[in-house]
$ cat run-v4.cif   # mmCIF, C-alpha atoms
data_protein
loop_
_atom_site.label_atom_id
_atom_site.label_comp_id
_atom_site.auth_asym_id
_atom_site.auth_seq_id
_atom_site.Cartn_x
_atom_site.Cartn_y
_atom_site.Cartn_z
CA MET A 481 -4.99 -7.41 -12.22
CA LYS A 482 -1.99 -5.61 -10.71
CA ARG A 483 -1.41 -5.99 -7.00
CA PHE A 484 0.50 -3.43 -4.94
CA ALA A 485 1.42 -3.45 -1.26
CA VAL A 486 2.16 -0.21 0.57
CA MET A 487 4.58 -1.36 3.24
CA THR A 488 7.38 -0.15 5.45
CA MET A 489 8.73 -1.27 8.81
CA LYS A 490 8.57 2.30 10.17
CA GLY A 491 5.40 4.14 11.12
CA GLY A 492 4.68 7.79 10.35
CA THR A 493 5.86 7.74 6.72
CA GLY A 494 2.49 8.38 5.03
CA LYS A 495 1.73 4.71 4.39
CA THR A 496 -2.07 4.85 4.72
CA THR A 497 -2.23 8.25 3.01
CA THR A 498 -0.35 6.71 0.09
CA ALA A 499 -2.57 3.62 -0.07
CA VAL A 500 -5.81 5.63 0.06
CA SER A 501 -4.61 8.33 -2.36
CA VAL A 502 -3.25 5.89 -4.93
CA ALA A 503 -6.36 3.71 -4.74
CA HIS A 504 -8.73 6.63 -5.21
CA GLY A 505 -6.50 8.21 -7.86
CA LEU A 506 -6.57 5.01 -9.90
CA SER A 507 -10.35 4.80 -9.58
CA LEU A 508 -10.73 8.41 -10.69
CA SER A 509 -8.77 7.42 -13.80
CA GLY A 510 -11.43 4.85 -14.63
CA ARG A 511 -9.63 1.81 -13.22
CA ARG A 512 -11.54 -0.62 -11.00
CA VAL A 513 -9.74 -0.78 -7.67
CA LEU A 514 -9.90 -2.86 -4.50
CA LEU A 515 -8.26 -1.38 -1.40
CA VAL A 516 -7.48 -3.96 1.29
CA ASP A 517 -6.90 -2.69 4.83
CA CYS A 518 -4.39 -5.16 6.27
CA ASP A 519 -3.68 -3.26 9.49
CA PRO A 520 -5.57 -4.01 12.74
CA GLN A 521 -5.65 -0.23 13.30
CA ARG A 522 -7.96 -0.15 10.22
CA ASN A 523 -6.84 3.37 9.22
CA SER A 524 -7.80 2.96 5.56
CA ALA A 525 -11.34 1.96 6.52
CA ILE A 526 -11.54 4.83 9.02
CA SER A 527 -10.44 7.25 6.31
CA PHE A 528 -13.59 6.35 4.38
CA GLY A 529 -15.81 6.20 7.44
CA VAL A 530 -16.67 2.49 7.06
CA ALA A 531 -16.20 -0.66 9.13
CA SER A 532 -16.97 -4.35 8.85
CA ASP A 533 -16.47 -7.40 11.06
CA ARG A 534 -16.33 -9.53 7.90
CA GLY A 535 -13.08 -8.22 6.55
CA LEU A 536 -9.59 -9.61 6.03
CA ASN A 537 -10.02 -11.47 9.32
CA THR A 538 -12.80 -13.70 7.98
CA LEU A 539 -11.34 -13.82 4.46
CA LEU A 540 -8.20 -15.50 5.82
CA SER A 541 -10.03 -17.83 8.20
CA THR A 542 -13.21 -18.89 6.39
CA GLY A 543 -13.10 -17.22 2.96
CA ASP A 544 -16.14 -15.08 3.84
CA VAL A 545 -15.75 -11.32 3.30
CA GLU A 546 -17.75 -8.14 2.88
CA ILE A 547 -16.50 -5.97 0.02
CA MET A 548 -17.78 -2.41 0.50
CA GLN A 549 -18.05 0.14 -2.29
CA VAL A 550 -16.68 3.42 -0.95
CA ARG A 551 -16.42 5.45 -4.17
CA GLU A 552 -17.17 4.94 -7.84
CA ASN A 553 -14.82 2.22 -9.16
CA LEU A 554 -13.38 1.80 -5.65
CA CYS A 555 -14.17 -0.97 -3.17
CA LEU A 556 -12.64 -1.73 0.23
CA ILE A 557 -12.07 -4.73 2.46
CA ASP A 558 -11.74 -3.76 6.12
CA SER A 559 -9.08 -5.47 8.23
CA GLY A 560 -11.52 -6.56 10.90
CA GLY A 561 -9.61 -4.62 13.55
CA ARG A 562 -8.34 -6.55 16.56
CA LYS A 563 -10.00 -9.73 15.29
CA LEU A 564 -7.32 -9.85 12.60
CA VAL A 565 -4.71 -10.36 15.34
CA GLU A 566 -6.68 -13.35 16.67
CA VAL A 567 -6.86 -14.84 13.17
CA GLU A 568 -3.12 -14.36 12.70
CA LEU A 569 -2.42 -16.30 15.90
CA ALA A 570 -4.73 -19.10 14.80
CA LEU A 571 -3.11 -19.33 11.36
CA SER A 572 0.41 -19.52 12.78
CA HIS A 573 -0.07 -23.24 13.54
CA GLN A 574 -1.53 -24.16 10.15
CA GLU A 575 0.05 -25.29 6.89
CA ASN A 576 0.26 -23.00 3.84
CA ARG A 577 -0.35 -20.06 6.17
CA GLU A 578 1.61 -17.58 4.02
CA ASN A 579 -0.67 -18.16 1.02
CA ARG A 580 -4.11 -17.77 2.56
CA MET A 581 -4.71 -14.34 1.04
CA LYS A 582 -3.50 -15.42 -2.41
CA ASP A 583 -5.71 -18.50 -2.35
CA ALA A 584 -8.76 -16.57 -1.09
CA LEU A 585 -8.51 -13.89 -3.80
CA LYS A 586 -7.32 -16.00 -6.73
CA HIS A 587 -10.77 -15.94 -8.32
CA LEU A 588 -11.26 -12.19 -7.84
CA LYS A 589 -12.66 -10.68 -11.03
CA GLY A 590 -13.68 -7.27 -12.30
CA CYS A 591 -10.70 -5.54 -10.74
CA ASP A 592 -7.75 -3.78 -12.40
CA TYR A 593 -5.72 -2.96 -9.28
CA VAL A 594 -5.52 -4.19 -5.71
CA ILE A 595 -3.83 -1.90 -3.17
CA CYS A 596 -2.92 -3.36 0.24
CA ASP A 597 -2.34 -1.03 3.20
CA CYS A 598 0.02 -2.99 5.47
CA PRO A 599 0.96 -2.73 9.17
CA PRO A 600 4.49 -1.45 9.99
CA SER A 601 5.78 -4.78 11.27
CA MET A 602 6.87 -8.17 10.01
CA ASN A 603 4.08 -10.60 10.76
CA LEU A 604 2.06 -13.35 9.12
CA ILE A 605 -0.36 -10.82 7.59
CA ASN A 606 2.45 -9.05 5.76
CA ALA A 607 3.85 -12.42 4.68
CA ASN A 608 0.46 -13.15 3.09
CA VAL A 609 0.48 -9.75 1.38
CA LEU A 610 3.97 -10.30 -0.04
CA SER A 611 2.92 -13.70 -1.34
CA PHE A 612 -0.11 -12.13 -3.01
CA CYS A 613 1.27 -8.88 -4.47
CA ASP A 614 3.43 -8.07 -7.50
CA GLU A 615 5.11 -4.91 -6.23
CA VAL A 616 5.74 -3.04 -2.97
CA ILE A 617 5.56 0.73 -2.62
CA VAL A 618 7.88 1.69 0.25
CA PRO A 619 7.19 5.21 1.60
CA VAL A 620 10.27 6.88 3.05
CA SER A 621 9.82 10.15 4.90
CA MET A 622 12.65 12.65 4.84
CA ASP A 623 14.44 11.61 8.01
CA TYR A 624 17.27 9.19 8.67
CA LEU A 625 15.29 6.69 10.74
CA SER A 626 12.90 6.22 7.83
CA GLN A 627 15.84 5.11 5.71
CA GLU A 628 16.50 2.38 8.25
CA GLY A 629 12.85 1.34 8.01
CA ALA A 630 13.23 1.06 4.24
CA ARG A 631 16.34 -1.08 4.63
CA GLN A 632 14.50 -3.42 7.02
CA THR A 633 11.62 -3.67 4.55
CA MET A 634 14.04 -4.72 1.80
CA GLU A 635 15.38 -7.44 4.12
CA VAL A 636 11.86 -8.70 4.78
CA ILE A 637 11.13 -8.87 1.02
CA ASP A 638 14.41 -10.72 0.39
CA ASP A 639 13.64 -13.17 3.22
CA MET A 640 10.23 -13.89 1.71
CA LYS A 641 11.83 -14.53 -1.69
CA TRP A 642 14.17 -17.01 -0.03
CA LEU A 643 11.40 -18.77 1.90
CA THR A 644 8.93 -18.89 -0.99
CA LYS A 645 10.78 -19.49 -4.24
CA ASP A 646 7.89 -18.52 -6.53
CA ILE A 647 7.75 -14.94 -5.21
CA LYS A 648 8.99 -12.45 -7.81
CA ILE A 649 7.91 -9.30 -6.01
CA LYS A 650 9.55 -5.96 -6.84
CA TYR A 651 9.78 -2.80 -4.77
CA ARG A 652 10.08 0.92 -5.39
CA ILE A 653 10.80 3.73 -2.94
CA LEU A 654 8.47 6.71 -2.59
CA ALA A 655 9.87 9.88 -1.00
CA THR A 656 7.28 11.45 1.34
CA PHE A 657 7.09 14.50 3.62
CA PHE A 658 9.61 16.38 1.50
CA ASP A 659 10.10 19.95 2.73
CA SER A 660 12.25 22.12 0.47
CA ARG A 661 12.79 24.57 3.35
CA THR A 662 14.85 22.06 5.35
CA ARG A 663 18.34 20.87 4.63
CA VAL A 664 17.66 17.37 5.96
CA SER A 665 14.95 16.75 3.34
CA SER A 666 17.34 17.50 0.51
CA MET A 667 20.10 15.42 2.08
CA VAL A 668 17.88 12.37 2.69
CA LEU A 669 16.34 12.59 -0.79
CA GLU A 670 19.80 12.71 -2.37
CA GLU A 671 20.92 9.77 -0.25
CA ILE A 672 17.98 7.50 -1.11
CA ARG A 673 18.33 8.36 -4.80
CA LYS A 674 21.93 7.11 -4.60
CA GLN A 675 21.11 4.10 -2.45
CA PHE A 676 18.07 2.97 -4.44
CA ASP A 677 19.09 4.12 -7.91
CA GLY A 678 16.55 2.88 -10.44
CA ARG A 679 14.13 1.80 -7.70
CA ILE A 680 12.70 5.15 -6.65
CA TYR A 681 9.64 6.90 -8.04
CA ASP A 682 10.21 10.18 -9.84
CA THR A 683 7.29 11.63 -7.89
CA VAL A 684 8.16 13.26 -4.57
CA VAL A 685 5.30 13.82 -2.12
CA ARG A 686 5.72 17.17 -0.45
CA VAL A 687 4.67 18.20 3.06
CA ASN A 688 1.05 19.31 2.86
CA THR A 689 -1.34 20.07 5.72
CA SER A 690 -4.33 19.08 3.60
CA LEU A 691 -3.08 15.49 3.52
CA ARG A 692 -3.32 15.36 7.32
CA GLU A 693 -6.73 17.01 7.37
CA ALA A 694 -8.49 14.85 4.78
CA PRO A 695 -9.10 11.69 6.89
CA GLY A 696 -10.82 13.76 9.57
CA SER A 697 -13.53 14.71 7.09
CA LYS A 698 -13.75 11.12 5.75
CA LYS A 699 -12.53 12.38 2.38
CA THR A 700 -9.53 11.66 0.21
CA ILE A 701 -7.15 14.44 -0.76
CA TYR A 702 -8.86 14.77 -4.15
CA GLU A 703 -12.16 15.57 -2.42
CA HIS A 704 -10.87 17.56 0.53
CA ALA A 705 -8.40 19.82 -1.30
CA PRO A 706 -8.34 18.97 -5.03
CA LEU A 707 -6.12 21.95 -5.89
CA SER A 708 -3.56 21.28 -3.16
CA ARG A 709 -0.01 20.14 -3.83
CA GLY A 710 -0.86 16.93 -1.95
CA ALA A 711 -3.54 16.13 -4.53
CA PHE A 712 -1.15 17.08 -7.34
CA ASP A 713 1.68 14.89 -6.00
CA TYR A 714 -0.45 11.82 -5.48
CA TYR A 715 -2.19 12.09 -8.81
CA LYS A 716 1.24 12.42 -10.42
CA LEU A 717 2.27 9.24 -8.58
CA THR A 718 -0.89 7.50 -9.80
CA GLU A 719 -0.06 8.42 -13.41
CA GLU A 720 3.51 7.19 -12.92
CA ILE A 721 2.24 3.84 -11.62
CA MET A 722 -0.18 3.41 -14.53
CA SER A 723 2.51 4.32 -17.06
CA SER A 724 4.91 1.81 -15.51
CA VAL A 725 2.29 -0.95 -15.61
CA GLU A 726 1.35 -0.19 -19.20
CA MET A 727 5.00 -0.17 -20.27
CA ALA A 728 5.62 -3.52 -18.57
CA GLU A 729 2.58 -5.00 -20.34
CA ARG A 730 3.79 -3.76 -23.72
CA ASN A 731 7.24 -5.23 -23.12
CA HIS A 732 5.72 -8.52 -22.02
CA SER A 733 3.44 -8.77 -25.04
CA GLY A 734 6.28 -7.79 -27.36
#

$ encode --input "run-v4.cif" --output "structure tokens"
Amino acid sequence: MKRFAVMTMKGGTGKTTTAVSVAHGLSLSGRRVLLVDCDPQRNSAISFGVASDRGLNTLLSTGDVEIMQVRENLCLIDSGGRKLVEVELALSHQENRENRMKDALKHLKGCDYVICDCPPSMNLINANVLSFCDEVIVPVSMDYLSQEGARQTMEVIDDMKWLTKDIKIKYRILATFFDSRTRVSSMVLEEIRKQFDGRIYDTVVRVNTSLREAPGSKKTIYEHAPLSRGAFDYYKLTEEIMSSVEMAERNHSG
């Protein structure tokens, strides 16, 4: 089971779009996927038109959870909305609070990938996600403030590695909202390729209106506009992720 967090400290970078699109793309490829909405705004759950009061909030507090099937090969755990904030406050005074998610899901079976859609802030929920996951996808939109959000995310990951010595989490940058018509997109893309050399996905997600429209119809990009460049870019990213995982497994077994 491979566990990915989609995380950045800046909002508006396509974080939920990336989590939903990658999760559904993997499931369309025949992989069994669990999407975990870790944000009290519950945007991933809203994108599929579902909701549950027994979501990440109860998973972290009592171990009880409702896992909803939203597509073939794709299940979802809702965040629990504002109740997740209450649980976070309660956990802050308890021991082993950063490992609640890892402990609750350690016996999870029948799943090839877990994708976590994270809130754009450093909190106890994200600390749990970083303790649980293997790799972080960091979306960076083509503006300079998004680069700062990426830098802050790297600092958070490094801090978690320092606090919890057994964390070996990796990260990779995903360029989003690329617009070839603007000079700033090209400049920012060139800059992040220099800054994060070797840690950036080859796939670049281009600006696409269909990506913004899809959640309104409670569909993913592959259902709403399967021939759009948004669908093409995210399926290309999905293939890149699967290829990277398969290569790492071959190297490990060799």

$ closest_residue --input "run-v4.cif" --among "A:Glu703, A:Glu552, A:Asp592, A:Asp517" --to "Met722 of chain A" --atoms "all atoms listed in the file"
A:Asp592

$ closest_residue --input "run-v4.cif" --among "A:Val725, A:Leu514, A:Ala531, A:Val616" --to "Gly590 of chain A" --atoms "only C-alpha atoms"
A:Leu514

$ resolve_selection --input "run-v4.cif" --expression "the PyMOL selection byres ((chain A and resi 493) around 8)" --output "PyMOL selection string"
chain A and resi 490-492+494-495+619-621+626+656-657

$ residues_around --input "run-v4.cif" --residues "Ser665 of chain A" --least-positions-apart "3" --cutoff "12 Å" --atoms "only C-alpha atoms" --output "ChimeraX atom specification"
/A:620-624,626-627,655-662,668-672,684-687

$ resolve_selection --input "run-v4.cif" --expression "the PyMOL selection byres ((chain A and resi 699) around 12)" --output "JSON, numbers by chain"
{"A": [497, 500, 501, 504, 524, 525, 526, 527, 528, 529, 530, 550, 551, 690, 691, 692, 693, 694, 695, 696, 697, 698, 700, 701, 702, 703, 704, 705, 706, 711]}

$ resolve_selection --input "run-v4.cif" --expression "the PyMOL selection byres ((chain A and resi 683) around 7)" --output "JSON, numbers by chain"
{"A": [681, 682, 684, 685, 713, 716, 717]}

$ residues_around --input "run-v4.cif" --residues "Leu571 of chain A" --least-positions-apart "5" --cutoff "12 Å" --atoms "all atoms listed in the file" --output "PyMOL selection string"
chain A and resi 537-538+540-542+564-566+576-581+603-605+607-608

$ atom_distance --input "run-v4.cif" --atom1 "atom CA of Leu556 of chain A" --atom2 "atom CA of Met727 of chain A"
27.1 Å
